[in-house]
Amino acid sequence: MDTIQVRKVWSGWLRISHWLITFGLIFQWLSAWVFTHTDVDLTFWVDWHLMVGQIIVLAVLLRLGLLLVPGSSHWRALIPRKNHWQAVTQMFKFYLSFGRFPLPNWFAHNPLWLPLYTVMYLLLFSVLLTGMFQGFIGGHQVLAGVLMWLVIGHVVAVVLHDFKGQLATVSGMINGFRYFHFEQSAQDKKNEYIVPLDALKPRQSDDTEG
């Protein structure tokens, strides 16, 4: 029999920031493709591209502010801790086995993706900066392309997690809650990928949701 714990992981402001950035980037890539590959009103699409870019800037500024708010959005939650490394090993096994190896538990951020989150945000900053000053700084399209493939990889991984695991990854970023399943059989107690929920939570000072 499973023990299921439901916990609030993502705050409302973090989810707003996340989805504004997500849908904003989708529009940016589609609009960039439209006005470079089809015969359309270039002024219309470029204007919208710039306006949506400004919305993304505001969403990123919101996310930066949330780095100072206690909880899963805090900057400390993006730093790997000792109890993450076992889950990192299990995540490698999960990916290398194409989802056949059991998916480990984690509280908020996928431990294996923690460094990649930082890389993705640095790329996003670079894309926004080169987009605003494209007349002075080159490489905007190249950086945007790299970011796009990282985001695609992130989406594929999240869908795979929901398909193979029981973490409610996608719905968690919609309603803020995630579901943690703990099987109580003797065999499961021997499986090293079962991690106690208390070990998955952020440090005590970061445990309050913003």
# chains A, B, ... in the order shown; residues from 1 in each chain; ligands from 1

call {"tool": "select_by_dssp", "arguments": {"residues": "chain A", "states": "alpha helix (DSSP H)", "output": "MDAnalysis selection string"}}
result
chainID A and resid 12:37 42:66 85:96 114:132 140:164 169:175 186:190 197:200

call {"tool": "write_last_selection", "arguments": {"atoms": "C-alpha atoms", "output": "compact mmCIF listing (two decimals), in the first residue's frame"}}
result
# COMPACT_ATOMS: atom_id res chain seq x y z
CA GLY A 12 1.77 31.33 -7.47
CA TRP A 13 4.25 34.04 -8.45
CA LEU A 14 6.84 31.49 -9.55
CA ARG A 15 4.25 29.73 -11.71
CA ILE A 16 3.21 33.05 -13.28
CA SER A 17 6.85 33.81 -14.08
CA HIS A 18 7.41 30.31 -15.46
CA TRP A 19 4.41 30.32 -17.81
CA LEU A 20 4.96 33.90 -19.00
CA ILE A 21 8.50 32.95 -19.98
CA THR A 22 7.36 29.65 -21.52
CA PHE A 23 4.56 31.03 -23.70
CA GLY A 24 6.61 34.14 -24.45
CA LEU A 25 9.51 32.07 -25.79
CA ILE A 26 7.14 29.91 -27.86
CA PHE A 27 5.70 33.06 -29.47
CA GLN A 28 9.19 34.49 -30.06
CA TRP A 29 10.38 31.38 -31.88
CA LEU A 30 7.20 31.15 -33.97
CA SER A 31 7.21 34.84 -34.85
CA ALA A 32 10.92 34.73 -35.74
CA TRP A 33 10.21 31.81 -38.06
CA VAL A 34 7.20 33.61 -39.60
CA PHE A 35 8.95 36.84 -40.54
CA THR A 36 12.07 35.07 -41.82
CA HIS A 37 10.40 32.27 -43.82
CA LEU A 42 7.12 42.41 -41.34
CA THR A 43 6.40 45.51 -39.25
CA PHE A 44 3.43 43.83 -37.51
CA TRP A 45 5.37 40.71 -36.53
CA VAL A 46 8.53 42.57 -35.52
CA ASP A 47 6.48 44.90 -33.28
CA TRP A 48 4.81 41.94 -31.56
CA HIS A 49 8.17 40.19 -31.28
CA LEU A 50 9.56 43.22 -29.43
CA MET A 51 6.49 43.63 -27.19
CA VAL A 52 6.47 39.98 -26.14
CA GLY A 53 10.21 40.25 -25.53
CA GLN A 54 9.49 43.06 -23.06
CA ILE A 55 6.94 40.84 -21.27
CA ILE A 56 9.60 38.14 -20.97
CA VAL A 57 12.01 40.69 -19.48
CA LEU A 58 9.40 41.55 -16.81
CA ALA A 59 8.84 37.84 -16.11
CA VAL A 60 12.59 37.29 -15.72
CA LEU A 61 12.82 40.28 -13.35
CA LEU A 62 10.00 38.71 -11.31
CA ARG A 63 11.93 35.43 -11.21
CA LEU A 64 15.04 37.28 -10.05
CA GLY A 65 13.04 38.85 -7.24
CA LEU A 66 11.75 35.43 -6.22
CA TRP A 85 23.83 13.21 -5.41
CA GLN A 86 22.15 9.85 -4.93
CA ALA A 87 19.16 11.11 -6.92
CA VAL A 88 21.52 12.46 -9.61
CA THR A 89 22.98 8.97 -10.05
CA GLN A 90 19.49 7.48 -10.24
CA MET A 91 18.45 10.11 -12.81
CA PHE A 92 21.38 9.14 -15.04
CA LYS A 93 20.24 5.52 -14.83
CA PHE A 94 16.66 6.57 -15.60
CA TYR A 95 17.66 8.50 -18.73
CA LEU A 96 20.24 5.97 -19.96
CA LEU A 114 19.98 21.99 -11.33
CA PRO A 115 23.12 23.17 -13.21
CA LEU A 116 21.15 23.24 -16.48
CA TYR A 117 18.54 25.56 -14.97
CA THR A 118 21.30 28.08 -14.31
CA VAL A 119 22.66 27.61 -17.84
CA MET A 120 19.19 28.10 -19.32
CA TYR A 121 18.65 31.35 -17.42
CA LEU A 122 22.08 32.64 -18.41
CA LEU A 123 21.24 31.82 -22.02
CA LEU A 124 17.88 33.55 -21.63
CA PHE A 125 19.62 36.68 -20.30
CA SER A 126 22.00 36.55 -23.28
CA VAL A 127 19.14 36.14 -25.75
CA LEU A 128 17.24 39.09 -24.25
CA LEU A 129 20.37 41.24 -24.19
CA THR A 130 21.38 40.47 -27.78
CA GLY A 131 17.76 40.94 -28.87
CA MET A 132 17.56 44.43 -27.35
CA HIS A 140 21.16 36.54 -31.11
CA GLN A 141 19.83 33.86 -33.46
CA VAL A 142 22.51 31.34 -32.47
CA LEU A 143 21.85 31.82 -28.75
CA ALA A 144 18.09 31.65 -29.30
CA GLY A 145 18.54 28.37 -31.18
CA VAL A 146 20.64 26.83 -28.40
CA LEU A 147 18.07 27.93 -25.81
CA MET A 148 15.26 26.45 -27.90
CA TRP A 149 16.88 23.00 -27.97
CA LEU A 150 17.52 23.11 -24.22
CA VAL A 151 13.88 24.02 -23.60
CA ILE A 152 12.73 21.20 -25.90
CA GLY A 153 14.93 18.79 -23.93
CA HIS A 154 13.44 20.11 -20.70
CA VAL A 155 9.86 19.59 -21.97
CA VAL A 156 10.62 16.05 -23.20
CA ALA A 157 12.18 15.18 -19.84
CA VAL A 158 9.20 16.58 -17.89
CA VAL A 159 6.70 14.63 -20.00
CA LEU A 160 8.81 11.48 -19.54
CA HIS A 161 8.85 12.06 -15.78
CA ASP A 162 5.06 12.30 -15.65
CA PHE A 163 4.64 9.27 -17.91
CA LYS A 164 7.03 7.02 -16.00
CA THR A 169 5.52 17.34 -12.58
CA VAL A 170 3.34 19.03 -15.21
CA SER A 171 0.27 19.59 -13.04
CA GLY A 172 2.54 20.74 -10.21
CA MET A 173 3.62 23.72 -12.29
CA ILE A 174 -0.07 24.47 -12.95
CA ASN A 175 -1.61 24.16 -9.47
CA ALA A 186 9.76 -4.93 2.21
CA GLN A 187 11.15 -5.08 -1.32
CA ASP A 188 10.74 -1.35 -1.82
CA LYS A 189 12.57 -0.64 1.40
CA LYS A 190 15.62 -2.24 -0.21
CA LEU A 197 10.41 13.26 1.86
CA ASP A 198 12.16 15.16 4.67
CA ALA A 199 15.47 14.63 2.87
CA LEU A 200 14.02 16.12 -0.31

call {"tool": "atom_distance", "arguments": {"atom1": "atom CA of Trp113 of chain A", "atom2": "atom CA of Gly138 of chain A"}}
result
28.2 Å

call {"tool": "select_by_dssp", "arguments": {"residues": "segment 27-209 of chain A", "states": "strand (DSSP E)", "output": "PyMOL selection string"}}
result
chain A and resi 177-183

call {"tool": "write_last_selection", "arguments": {"atoms": "C-alpha atoms", "output": "PDB file, in the first residue's frame"}}
result
ATOM      1  CA  PHE A 177       1.125  20.892  -5.702  1.00  0.00           C
ATOM      2  CA  ARG A 178       3.096  17.687  -6.164  1.00  0.00           C
ATOM      3  CA  TYR A 179       2.307  14.152  -5.032  1.00  0.00           C
ATOM      4  CA  PHE A 180       4.910  12.005  -3.298  1.00  0.00           C
ATOM      5  CA  HIS A 181       4.337   8.234  -3.304  1.00  0.00           C
ATOM      6  CA  PHE A 182       6.121   5.948  -0.866  1.00  0.00           C
ATOM      7  CA  GLU A 183       5.611   2.208  -1.168  1.00  0.00           C
TER       8      GLU A 183
END

call {"tool": "decode", "arguments": {"residues": "segment 137-148 of chain A", "atoms": "N, CA and C atoms", "output": "PDB file, in the first residue's frame"}}
result
ATOM      1  N   ILE A 137      25.375  43.973 -30.644  1.00  0.00           N
ATOM      2  CA  ILE A 137      25.840  42.669 -30.169  1.00  0.00           C
ATOM      3  C   ILE A 137      25.309  41.585 -31.108  1.00  0.00           C
ATOM      4  N   GLY A 138      26.187  40.731 -31.593  1.00  0.00           N
ATOM      5  CA  GLY A 138      25.780  39.663 -32.501  1.00  0.00           C
ATOM      6  C   GLY A 138      25.440  38.374 -31.768  1.00  0.00           C
ATOM      7  N   GLY A 139      25.058  37.365 -32.540  1.00  0.00           N
ATOM      8  CA  GLY A 139      24.833  36.032 -31.998  1.00  0.00           C
ATOM      9  C   GLY A 139      23.453  35.776 -31.454  1.00  0.00           C
ATOM     10  N   HIS A 140      22.504  36.707 -31.673  1.00  0.00           N
ATOM     11  CA  HIS A 140      21.157  36.539 -31.107  1.00  0.00           C
ATOM     12  C   HIS A 140      20.487  35.268 -31.599  1.00  0.00           C
ATOM     13  N   GLN A 141      20.516  35.029 -32.898  1.00  0.00           N
ATOM     14  CA  GLN A 141      19.831  33.863 -33.464  1.00  0.00           C
ATOM     15  C   GLN A 141      20.475  32.555 -33.012  1.00  0.00           C
ATOM     16  N   VAL A 142      21.802  32.553 -32.908  1.00  0.00           N
ATOM     17  CA  VAL A 142      22.506  31.338 -32.469  1.00  0.00           C
ATOM     18  C   VAL A 142      22.147  31.015 -31.023  1.00  0.00           C
ATOM     19  N   LEU A 143      22.187  32.027 -30.159  1.00  0.00           N
ATOM     20  CA  LEU A 143      21.852  31.818 -28.747  1.00  0.00           C
ATOM     21  C   LEU A 143      20.395  31.391 -28.586  1.00  0.00           C
ATOM     22  N   ALA A 144      19.499  32.009 -29.363  1.00  0.00           N
ATOM     23  CA  ALA A 144      18.085  31.646 -29.299  1.00  0.00           C
ATOM     24  C   ALA A 144      17.877  30.202 -29.733  1.00  0.00           C
ATOM     25  N   GLY A 145      18.640  29.761 -30.720  1.00  0.00           N
ATOM     26  CA  GLY A 145      18.541  28.374 -31.185  1.00  0.00           C
ATOM     27  C   GLY A 145      19.008  27.388 -30.124  1.00  0.00           C
ATOM     28  N   VAL A 146      20.131  27.693 -29.469  1.00  0.00           N
ATOM     29  CA  VAL A 146      20.639  26.827 -28.399  1.00  0.00           C
ATOM     30  C   VAL A 146      19.629  26.747 -27.264  1.00  0.00           C
ATOM     31  N   LEU A 147      19.068  27.907 -26.877  1.00  0.00           N
ATOM     32  CA  LEU A 147      18.068  27.935 -25.805  1.00  0.00           C
ATOM     33  C   LEU A 147      16.843  27.113 -26.193  1.00  0.00           C
ATOM     34  N   MET A 148      16.431  27.201 -27.454  1.00  0.00           N
ATOM     35  CA  MET A 148      15.264  26.450 -27.905  1.00  0.00           C
ATOM     36  C   MET A 148      15.466  24.949 -27.728  1.00  0.00           C
TER      37      MET A 148
END
